[in-house]
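Data file: protein_18.tsv. Format and content: TSV, N, CA, C and O atoms.
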chain	number	residue	atom	x	y	z
R	25	MET	N	0.21	19.42	3.23
R	25	MET	CA	-1.23	19.25	3.21
R	25	MET	C	-1.83	19.94	4.43
R	25	MET	O	-1.41	19.73	5.56
R	26	THR	N	-2.84	20.74	4.23
R	26	THR	CA	-3.51	21.46	5.31
R	26	THR	C	-4.57	20.57	5.94
R	26	THR	O	-5.39	20.01	5.23
R	27	PRO	N	-4.55	20.41	7.28
R	27	PRO	CA	-5.58	19.60	7.93
R	27	PRO	C	-6.96	20.21	7.75
R	27	PRO	O	-7.12	21.42	7.71
R	28	THR	N	-7.95	19.34	7.63
R	28	THR	CA	-9.32	19.79	7.50
R	28	THR	C	-9.83	20.25	8.87
R	28	THR	O	-9.73	19.52	9.84
R	29	PRO	N	-10.37	21.46	8.94
R	29	PRO	CA	-10.93	21.92	10.22
R	29	PRO	C	-12.12	21.06	10.62
R	29	PRO	O	-12.85	20.55	9.76
R	30	LEU	N	-12.32	20.89	11.91
R	30	LEU	CA	-13.44	20.10	12.43
R	30	LEU	C	-14.43	21.02	13.12
R	30	LEU	O	-14.03	21.86	13.92
R	31	LEU	N	-15.70	20.82	12.85
R	31	LEU	CA	-16.74	21.57	13.54
R	31	LEU	C	-17.04	20.82	14.83
R	31	LEU	O	-17.40	19.64	14.81
R	32	CYS	N	-16.88	21.50	15.95
R	32	CYS	CA	-16.97	20.87	17.26
R	32	CYS	C	-18.06	21.52	18.11
R	32	CYS	O	-18.11	22.75	18.20
R	33	GLN	N	-18.90	20.70	18.71
R	33	GLN	CA	-19.91	21.17	19.67
R	33	GLN	C	-19.35	20.91	21.06
R	33	GLN	O	-18.83	19.82	21.33
R	34	ILE	N	-19.45	21.88	21.95
R	34	ILE	CA	-18.92	21.72	23.30
R	34	ILE	C	-20.08	21.75	24.29
R	34	ILE	O	-20.95	22.62	24.22
R	35	TYR	N	-20.07	20.78	25.19
R	35	TYR	CA	-21.10	20.65	26.21
R	35	TYR	C	-20.46	20.74	27.59
R	35	TYR	O	-19.31	20.30	27.77
R	36	LYS	N	-21.20	21.25	28.57
R	36	LYS	CA	-20.73	21.22	29.95
R	36	LYS	C	-21.57	20.19	30.70
R	36	LYS	O	-22.71	19.90	30.34
R	37	SER	N	-20.97	19.68	31.77
R	37	SER	CA	-21.66	18.71	32.61
R	37	SER	C	-22.48	19.42	33.67
R	37	SER	O	-21.98	20.33	34.33
R	38	PRO	N	-23.72	18.99	33.86
R	38	PRO	CA	-24.51	19.59	34.94
R	38	PRO	C	-24.13	19.01	36.31
R	38	PRO	O	-24.50	19.56	37.34
R	39	ARG	N	-23.34	17.93	36.31
R	39	ARG	CA	-22.97	17.24	37.56
R	39	ARG	C	-21.61	17.61	38.09
R	39	ARG	O	-21.35	17.50	39.28
R	40	GLN	N	-20.71	18.00	37.19
R	40	GLN	CA	-19.33	18.24	37.58
R	40	GLN	C	-18.87	19.58	37.01
R	40	GLN	O	-18.77	19.73	35.80
R	41	GLU	N	-18.60	20.53	37.89
R	41	GLU	CA	-18.13	21.83	37.44
R	41	GLU	C	-16.81	21.69	36.70
R	41	GLU	O	-15.93	20.92	37.08
R	42	GLU	N	-16.67	22.43	35.60
R	42	GLU	CA	-15.48	22.47	34.77
R	42	GLU	C	-15.18	21.16	34.06
R	42	GLU	O	-14.04	20.89	33.70
R	43	MET	N	-16.19	20.33	33.82
R	43	MET	CA	-16.05	19.14	32.99
R	43	MET	C	-16.77	19.44	31.67
R	43	MET	O	-17.92	19.88	31.67
R	44	PHE	N	-16.04	19.22	30.56
R	44	PHE	CA	-16.58	19.55	29.24
R	44	PHE	C	-16.44	18.36	28.29
R	44	PHE	O	-15.47	17.61	28.37
R	45	LEU	N	-17.39	18.25	27.39
R	45	LEU	CA	-17.39	17.19	26.38
R	45	LEU	C	-17.35	17.86	25.01
R	45	LEU	O	-18.24	18.65	24.67
R	46	TYR	N	-16.28	17.58	24.26
R	46	TYR	CA	-16.13	18.10	22.90
R	46	TYR	C	-16.61	16.99	21.97
R	46	TYR	O	-16.15	15.85	22.08
R	47	VAL	N	-17.52	17.32	21.05
R	47	VAL	CA	-18.09	16.31	20.16
R	47	VAL	C	-17.99	16.79	18.72
R	47	VAL	O	-18.28	17.96	18.42
R	48	ASP	N	-17.58	15.88	17.83
R	48	ASP	CA	-17.57	16.17	16.40
R	48	ASP	C	-19.01	16.45	16.00
R	48	ASP	O	-19.87	15.58	16.12
R	49	ARG	N	-19.29	17.65	15.55
R	49	ARG	CA	-20.66	18.08	15.25
R	49	ARG	C	-21.31	17.19	14.19
R	49	ARG	O	-22.52	16.96	14.23
R	50	THR	N	-20.53	16.68	13.25
R	50	THR	CA	-21.10	15.85	12.19
R	50	THR	C	-21.49	14.47	12.69
R	50	THR	O	-22.32	13.80	12.08
R	51	ARG	N	-20.91	14.03	13.81
R	51	ARG	CA	-21.21	12.70	14.35
R	51	ARG	C	-22.19	12.75	15.52
R	51	ARG	O	-22.86	11.77	15.80
R	52	GLY	N	-22.23	13.86	16.22
R	52	GLY	CA	-23.18	14.04	17.31
R	52	GLY	C	-22.88	13.21	18.54
R	52	GLY	O	-21.83	12.57	18.66
R	53	LEU	N	-23.82	13.21	19.48
R	53	LEU	CA	-23.65	12.53	20.77
R	53	LEU	C	-23.79	11.01	20.67
R	53	LEU	O	-23.46	10.30	21.62
R	54	ASP	N	-24.25	10.50	19.53
R	54	ASP	CA	-24.43	9.05	19.38
R	54	ASP	C	-23.13	8.26	19.53
R	54	ASP	O	-23.15	7.09	19.87
R	55	VAL	N	-21.98	8.91	19.28
R	55	VAL	CA	-20.70	8.22	19.38
R	55	VAL	C	-20.16	8.17	20.81
R	55	VAL	O	-19.22	7.44	21.09
R	56	VAL	N	-20.75	8.94	21.70
R	56	VAL	CA	-20.29	8.99	23.09
R	56	VAL	C	-20.85	7.78	23.84
R	56	VAL	O	-22.06	7.53	23.81
R	57	PRO	N	-19.98	7.00	24.51
R	57	PRO	CA	-20.45	5.82	25.23
R	57	PRO	C	-21.52	6.17	26.28
R	57	PRO	O	-21.41	7.20	26.97
R	58	GLN	N	-22.52	5.32	26.39
R	58	GLN	CA	-23.62	5.56	27.32
R	58	GLN	C	-23.12	5.68	28.76
R	58	GLN	O	-23.62	6.51	29.52
R	59	THR	N	-22.13	4.87	29.14
R	59	THR	CA	-21.63	4.93	30.52
R	59	THR	C	-20.98	6.29	30.81
R	59	THR	O	-21.10	6.80	31.91
R	60	LEU	N	-20.31	6.86	29.81
R	60	LEU	CA	-19.72	8.19	29.99
R	60	LEU	C	-20.83	9.22	30.16
R	60	LEU	O	-20.76	10.07	31.05
R	61	LEU	N	-21.87	9.15	29.34
R	61	LEU	CA	-22.98	10.10	29.44
R	61	LEU	C	-23.71	9.99	30.77
R	61	LEU	O	-24.15	10.99	31.33
R	62	GLU	N	-23.81	8.77	31.29
R	62	GLU	CA	-24.47	8.58	32.59
R	62	GLU	C	-23.71	9.31	33.70
R	62	GLU	O	-24.30	9.93	34.57
R	63	GLY	N	-22.38	9.23	33.67
R	63	GLY	CA	-21.56	9.93	34.66
R	63	GLY	C	-21.51	11.42	34.42
R	63	GLY	O	-21.41	12.21	35.36
R	64	PHE	N	-21.55	11.82	33.16
R	64	PHE	CA	-21.46	13.22	32.76
R	64	PHE	C	-22.75	13.97	33.08
R	64	PHE	O	-22.73	15.13	33.48
R	65	GLY	N	-23.88	13.30	32.93
R	65	GLY	CA	-25.19	13.95	33.09
R	65	GLY	C	-25.69	14.41	31.73
R	65	GLY	O	-25.01	14.26	30.72
R	66	THR	N	-26.87	14.99	31.68
R	66	THR	CA	-27.42	15.47	30.42
R	66	THR	C	-26.57	16.63	29.89
R	66	THR	O	-26.48	17.67	30.54
R	67	PRO	N	-25.91	16.42	28.74
R	67	PRO	CA	-25.03	17.46	28.21
R	67	PRO	C	-25.76	18.77	27.95
R	67	PRO	O	-26.85	18.79	27.39
R	68	GLN	N	-25.15	19.86	28.39
R	68	GLN	CA	-25.70	21.20	28.19
R	68	GLN	C	-24.81	21.94	27.19
R	68	GLN	O	-23.66	22.24	27.50
R	69	SER	N	-25.35	22.19	26.00
R	69	SER	CA	-24.58	22.83	24.94
R	69	SER	C	-24.18	24.24	25.36
R	69	SER	O	-25.00	25.02	25.83
R	70	ILE	N	-22.88	24.55	25.20
R	70	ILE	CA	-22.42	25.89	25.55
R	70	ILE	C	-21.84	26.66	24.37
R	70	ILE	O	-21.85	27.88	24.38
R	71	MET	N	-21.31	25.95	23.37
R	71	MET	CA	-20.77	26.65	22.19
R	71	MET	C	-20.40	25.67	21.09
R	71	MET	O	-20.27	24.48	21.34
R	72	MET	N	-20.23	26.24	19.91
R	72	MET	CA	-19.74	25.50	18.77
R	72	MET	C	-18.51	26.25	18.27
R	72	MET	O	-18.48	27.48	18.29
R	73	MET	N	-17.49	25.50	17.84
R	73	MET	CA	-16.30	26.16	17.31
R	73	MET	C	-15.64	25.29	16.26
R	73	MET	O	-15.87	24.08	16.22
R	74	ILE	N	-14.86	25.93	15.43
R	74	ILE	CA	-14.07	25.22	14.43
R	74	ILE	C	-12.72	24.91	15.05
R	74	ILE	O	-12.02	25.82	15.51
R	75	MET	N	-12.39	23.62	15.10
R	75	MET	CA	-11.11	23.19	15.68
R	75	MET	C	-10.06	23.10	14.59
R	75	MET	O	-10.25	22.40	13.59
R	76	THR	N	-8.97	23.82	14.77
R	76	THR	CA	-7.82	23.77	13.88
R	76	THR	C	-6.57	23.65	14.75
R	76	THR	O	-6.60	24.04	15.93
R	77	PRO	N	-5.48	23.13	14.20
R	77	PRO	CA	-4.24	23.02	14.99
R	77	PRO	C	-3.76	24.36	15.52
R	77	PRO	O	-3.10	24.42	16.55
R	78	GLU	N	-4.10	25.45	14.85
R	78	GLU	CA	-3.65	26.78	15.27
R	78	GLU	C	-4.45	27.32	16.45
R	78	GLU	O	-3.99	28.23	17.13
R	79	ARG	N	-5.63	26.77	16.69
R	79	ARG	CA	-6.49	27.26	17.79
R	79	ARG	C	-5.85	26.90	19.13
R	79	ARG	O	-5.40	25.79	19.33
R	80	THR	N	-5.87	27.85	20.05
R	80	THR	CA	-5.36	27.61	21.39
R	80	THR	C	-6.55	27.48	22.34
R	80	THR	O	-7.44	28.32	22.33
R	81	LEU	N	-6.53	26.43	23.13
R	81	LEU	CA	-7.57	26.22	24.15
R	81	LEU	C	-6.95	26.45	25.52
R	81	LEU	O	-5.76	26.22	25.73
R	82	ALA	N	-7.75	26.89	26.46
R	82	ALA	CA	-7.25	27.30	27.77
R	82	ALA	C	-6.58	26.18	28.56
R	82	ALA	O	-5.50	26.36	29.09
R	83	ARG	N	-7.21	25.01	28.67
R	83	ARG	CA	-6.68	23.99	29.56
R	83	ARG	C	-6.45	22.63	28.92
R	83	ARG	O	-6.25	21.65	29.62
R	84	VAL	N	-6.52	22.59	27.61
R	84	VAL	CA	-6.36	21.30	26.95
R	84	VAL	C	-5.56	21.48	25.67
R	84	VAL	O	-5.60	22.53	25.04
R	85	ASN	N	-4.81	20.46	25.32
R	85	ASN	CA	-3.98	20.47	24.13
R	85	ASN	C	-4.88	20.29	22.90
R	85	ASN	O	-5.55	19.26	22.76
R	86	THR	N	-4.90	21.27	22.03
R	86	THR	CA	-5.77	21.24	20.85
R	86	THR	C	-5.51	20.02	19.98
R	86	THR	O	-6.46	19.41	19.47
R	87	ALA	N	-4.26	19.64	19.81
R	87	ALA	CA	-3.93	18.48	18.98
R	87	ALA	C	-4.56	17.21	19.55
R	87	ALA	O	-5.05	16.35	18.80
R	88	ARG	N	-4.59	17.07	20.87
R	88	ARG	CA	-5.22	15.90	21.50
R	88	ARG	C	-6.71	15.89	21.25
R	88	ARG	O	-7.31	14.83	21.02
R	89	VAL	N	-7.34	17.06	21.32
R	89	VAL	CA	-8.78	17.15	21.08
R	89	VAL	C	-9.09	16.75	19.64
R	89	VAL	O	-9.98	15.93	19.37
R	90	ILE	N	-8.35	17.31	18.69
R	90	ILE	CA	-8.56	17.00	17.27
R	90	ILE	C	-8.35	15.52	17.01
R	90	ILE	O	-9.16	14.88	16.31
R	91	GLU	N	-7.30	14.94	17.58
R	91	GLU	CA	-7.03	13.51	17.40
R	91	GLU	C	-8.19	12.66	17.92
R	91	GLU	O	-8.65	11.74	17.26
R	92	ALA	N	-8.67	12.99	19.11
R	92	ALA	CA	-9.78	12.25	19.69
R	92	ALA	C	-11.06	12.42	18.87
R	92	ALA	O	-11.81	11.46	18.68
R	93	LEU	N	-11.32	13.63	18.39
R	93	LEU	CA	-12.51	13.87	17.57
R	93	LEU	C	-12.46	13.05	16.29
R	93	LEU	O	-13.47	12.48	15.86
R	94	LYS	N	-11.29	12.96	15.68
R	94	LYS	CA	-11.15	12.17	14.45
R	94	LYS	C	-11.29	10.68	14.72
R	94	LYS	O	-11.92	9.96	13.96
R	95	GLU	N	-10.67	10.20	15.81
R	95	GLU	CA	-10.67	8.77	16.12
R	95	GLU	C	-11.98	8.28	16.70
R	95	GLU	O	-12.50	7.24	16.32
R	96	LYS	N	-12.51	9.02	17.69
R	96	LYS	CA	-13.67	8.54	18.44
R	96	LYS	C	-14.91	9.40	18.28
R	96	LYS	O	-16.01	8.97	18.60
R	97	GLY	N	-14.71	10.64	17.85
R	97	GLY	CA	-15.84	11.54	17.70
R	97	GLY	C	-16.11	12.40	18.92
R	97	GLY	O	-17.01	13.23	18.92
R	98	TYR	N	-15.32	12.22	19.99
R	98	TYR	CA	-15.52	13.02	21.21
R	98	TYR	C	-14.22	13.11	22.01
R	98	TYR	O	-13.29	12.34	21.81
R	99	TYR	N	-14.17	14.09	22.91
R	99	TYR	CA	-13.07	14.25	23.86
R	99	TYR	C	-13.67	14.76	25.16
R	99	TYR	O	-14.45	15.71	25.17
R	100	LEU	N	-13.29	14.15	26.26
R	100	LEU	CA	-13.77	14.56	27.57
R	100	LEU	C	-12.69	15.37	28.28
R	100	LEU	O	-11.58	14.87	28.48
R	101	GLN	N	-13.00	16.61	28.63
R	101	GLN	CA	-12.07	17.45	29.39
R	101	GLN	C	-12.49	17.40	30.85
R	101	GLN	O	-13.57	17.85	31.21
R	102	MET	N	-11.62	16.86	31.67
R	102	MET	CA	-11.89	16.73	33.10
R	102	MET	C	-11.61	18.04	33.82
R	102	MET	O	-10.86	18.88	33.33
R	103	PRO	N	-12.19	18.21	35.00
R	103	PRO	CA	-11.90	19.41	35.80
R	103	PRO	C	-10.41	19.47	36.17
R	103	PRO	O	-9.74	18.43	36.19
R	104	PRO	N	-9.90	20.66	36.46
R	104	PRO	CA	-8.48	20.77	36.84
R	104	PRO	C	-8.21	20.09	38.18
R	104	PRO	O	-9.11	19.86	38.97
R	105	GLY	N	-6.94	19.78	38.37
R	105	GLY	CA	-6.51	19.15	39.63
R	105	GLY	C	-6.16	17.68	39.40
R	105	GLY	O	-6.77	17.01	38.59
R	106	GLY	N	-5.18	17.20	40.10
R	106	GLY	CA	-4.78	15.81	39.96
R	106	GLY	C	-3.90	15.61	38.74
R	106	GLY	O	-3.50	16.54	38.07
R	107	ASP	N	-3.63	14.38	38.44
R	107	ASP	CA	-2.76	14.00	37.33
R	107	ASP	C	-3.61	13.86	36.07
R	107	ASP	O	-4.51	13.02	36.02
R	108	ALA	N	-3.32	14.65	35.05
R	108	ALA	CA	-4.11	14.65	33.81
R	108	ALA	C	-4.11	13.29	33.13
R	108	ALA	O	-5.13	12.84	32.62
R	109	ARG	N	-2.96	12.62	33.13
R	109	ARG	CA	-2.91	11.30	32.46
R	109	ARG	C	-3.80	10.30	33.17
R	109	ARG	O	-4.50	9.52	32.52
R	110	MET	N	-3.80	10.31	34.49
R	110	MET	CA	-4.64	9.36	35.23
R	110	MET	C	-6.12	9.66	35.00
R	110	MET	O	-6.92	8.75	34.84
R	111	ARG	N	-6.49	10.94	34.96
R	111	ARG	CA	-7.88	11.30	34.71
R	111	ARG	C	-8.29	10.87	33.32
R	111	ARG	O	-9.36	10.30	33.12
R	112	ASP	N	-7.44	11.12	32.31
R	112	ASP	CA	-7.76	10.74	30.94
R	112	ASP	C	-7.87	9.23	30.80
R	112	ASP	O	-8.78	8.72	30.15
R	113	GLN	N	-6.97	8.48	31.44
R	113	GLN	CA	-7.01	7.03	31.34
R	113	GLN	C	-8.26	6.48	32.01
R	113	GLN	O	-8.86	5.52	31.53
R	114	ALA	N	-8.69	7.09	33.08
R	114	ALA	CA	-9.89	6.63	33.78
R	114	ALA	C	-11.12	6.72	32.89
R	114	ALA	O	-12.03	5.90	32.99
R	115	PHE	N	-11.14	7.71	32.00
R	115	PHE	CA	-12.27	7.87	31.09
R	115	PHE	C	-11.93	7.44	29.68
R	115	PHE	O	-12.70	7.66	28.76
R	116	ASP	N	-10.77	6.81	29.47
R	116	ASP	CA	-10.34	6.32	28.17
R	116	ASP	C	-10.42	7.40	27.10
R	116	ASP	O	-10.97	7.19	26.03
R	117	VAL	N	-9.87	8.56	27.39
R	117	VAL	CA	-9.89	9.64	26.41
R	117	VAL	C	-8.48	10.02	25.94
R	117	VAL	O	-8.34	10.83	25.04
R	118	SER	N	-7.47	9.43	26.51
R	118	SER	CA	-6.11	9.80	26.16
R	118	SER	C	-5.67	9.08	24.89
R	118	SER	O	-5.81	7.87	24.78
R	119	GLY	N	-5.15	9.86	23.96
R	119	GLY	CA	-4.63	9.26	22.73
R	119	GLY	C	-3.24	8.68	22.94
R	119	GLY	O	-2.80	7.81	22.22
R	120	SER	N	-2.53	9.16	23.97
R	120	SER	CA	-1.16	8.72	24.21
R	120	SER	C	-0.84	8.82	25.69
R	120	SER	O	-1.04	9.85	26.30
R	121	ALA	N	-0.31	7.74	26.24
R	121	ALA	CA	0.04	7.75	27.66
R	121	ALA	C	1.23	8.67	27.93
R	121	ALA	O	1.48	9.07	29.06
R	122	ASP	N	2.00	9.01	26.86
R	122	ASP	CA	3.17	9.87	27.04
R	122	ASP	C	2.80	11.35	27.09
R	122	ASP	O	3.60	12.17	27.50
R	123	ASP	N	1.60	11.71	26.67
R	123	ASP	CA	1.20	13.11	26.64
R	123	ASP	C	0.82	13.55	28.04
R	123	ASP	O	-0.04	12.96	28.67
R	124	GLN	N	1.41	14.62	28.53
R	124	GLN	CA	1.17	15.09	29.88
R	124	GLN	C	-0.12	15.85	30.02
R	124	GLN	O	-0.60	16.07	31.12
R	125	GLY	N	-0.71	16.30	28.93
R	125	GLY	CA	-1.95	17.09	29.03
R	125	GLY	C	-1.65	18.47	29.53
R	125	GLY	O	-0.53	18.95	29.48
R	126	SER	N	-2.67	19.17	30.04
R	126	SER	CA	-2.45	20.53	30.53
R	126	SER	C	-2.84	20.65	31.96
R	126	SER	O	-3.48	19.83	32.53
Output the file's structure in the form of structure tokens.
Amino acid sequence: MTPTPLLCQIYKSPRQEEMFLYVDRTRGLDVVPQTLLEGFGTPQSIMMMIMTPERTLARVNTARVIEALKEKGYYLQMPPGGDARMRDQAFDVSGSADDQGS
């Protein structure tokens, strides 16, 4: 069975360089917790893309993004540096504590 591609809107944070929010385009920003948006700042749309397992992303595991989009409707990509699992857990975006991230 071929996975259904997801239409994803990507936003950058005006407060934190290299922090991005991936949102399921069909669900929009309404699914993103208010506390996360408060820390993120007003999302600035930078692009839309179709997410498929074959797509390669620069600093994040595509499968993790797709899983989060399906489960919660969003995925928060933190800036580089530090332990990816600890950053993901701090923002409750990790689908699995065993995944090392990128």
Task: Non-local contacts of Met43 (chain R) (8 Å; only N, CA, C and O atoms; under 5 positions in same chain excluded) as a PyMOL selection string - done: chain R and resi 34-38+64+68+99-104
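With all atoms listed in the file as the basis for measurement, R:Gln33 is the residue among R:Gln33, R:Thr28, R:Thr59, R:Thr86 that approaches Val47 (chain R) most closely.
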Open item on the list: Which polymer residues, whether protein, DNA or RNA, lie within 7 Å of the coordinate (-13.5, 26.4, 12.7) when you count all atoms listed in the file? List them as a ChimeraX atom specification, using the chain letters and numbers from the file.
Closed with: /R:29-32,73-76
Task: Residue set, region 50-115 of chain R restricted to strand (DSSP E or B), as a PyMOL selection string - done: chain R and resi 68-75+98-101
Task: CA of Gly105 (chain R) to CA of Asp54 (chain R), distance in Å rounded to a single decimal - done: 28.9 Å
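Distance annotation: of R:Gln40, R:Ala92, R:Val84, R:Pro77, the residue with the minimal separation from Gly63 (chain R) is R:Gln40; atom set is only C-alpha atoms.
The interatomic distance for the pair CA of Val89 (chain R) and CA of Asp48 (chain R) works out to 10.0 Å.
Pairwise distance (atom O of Glu91 (chain R), atom N of Arg39 (chain R)) equals 24.8 Å.
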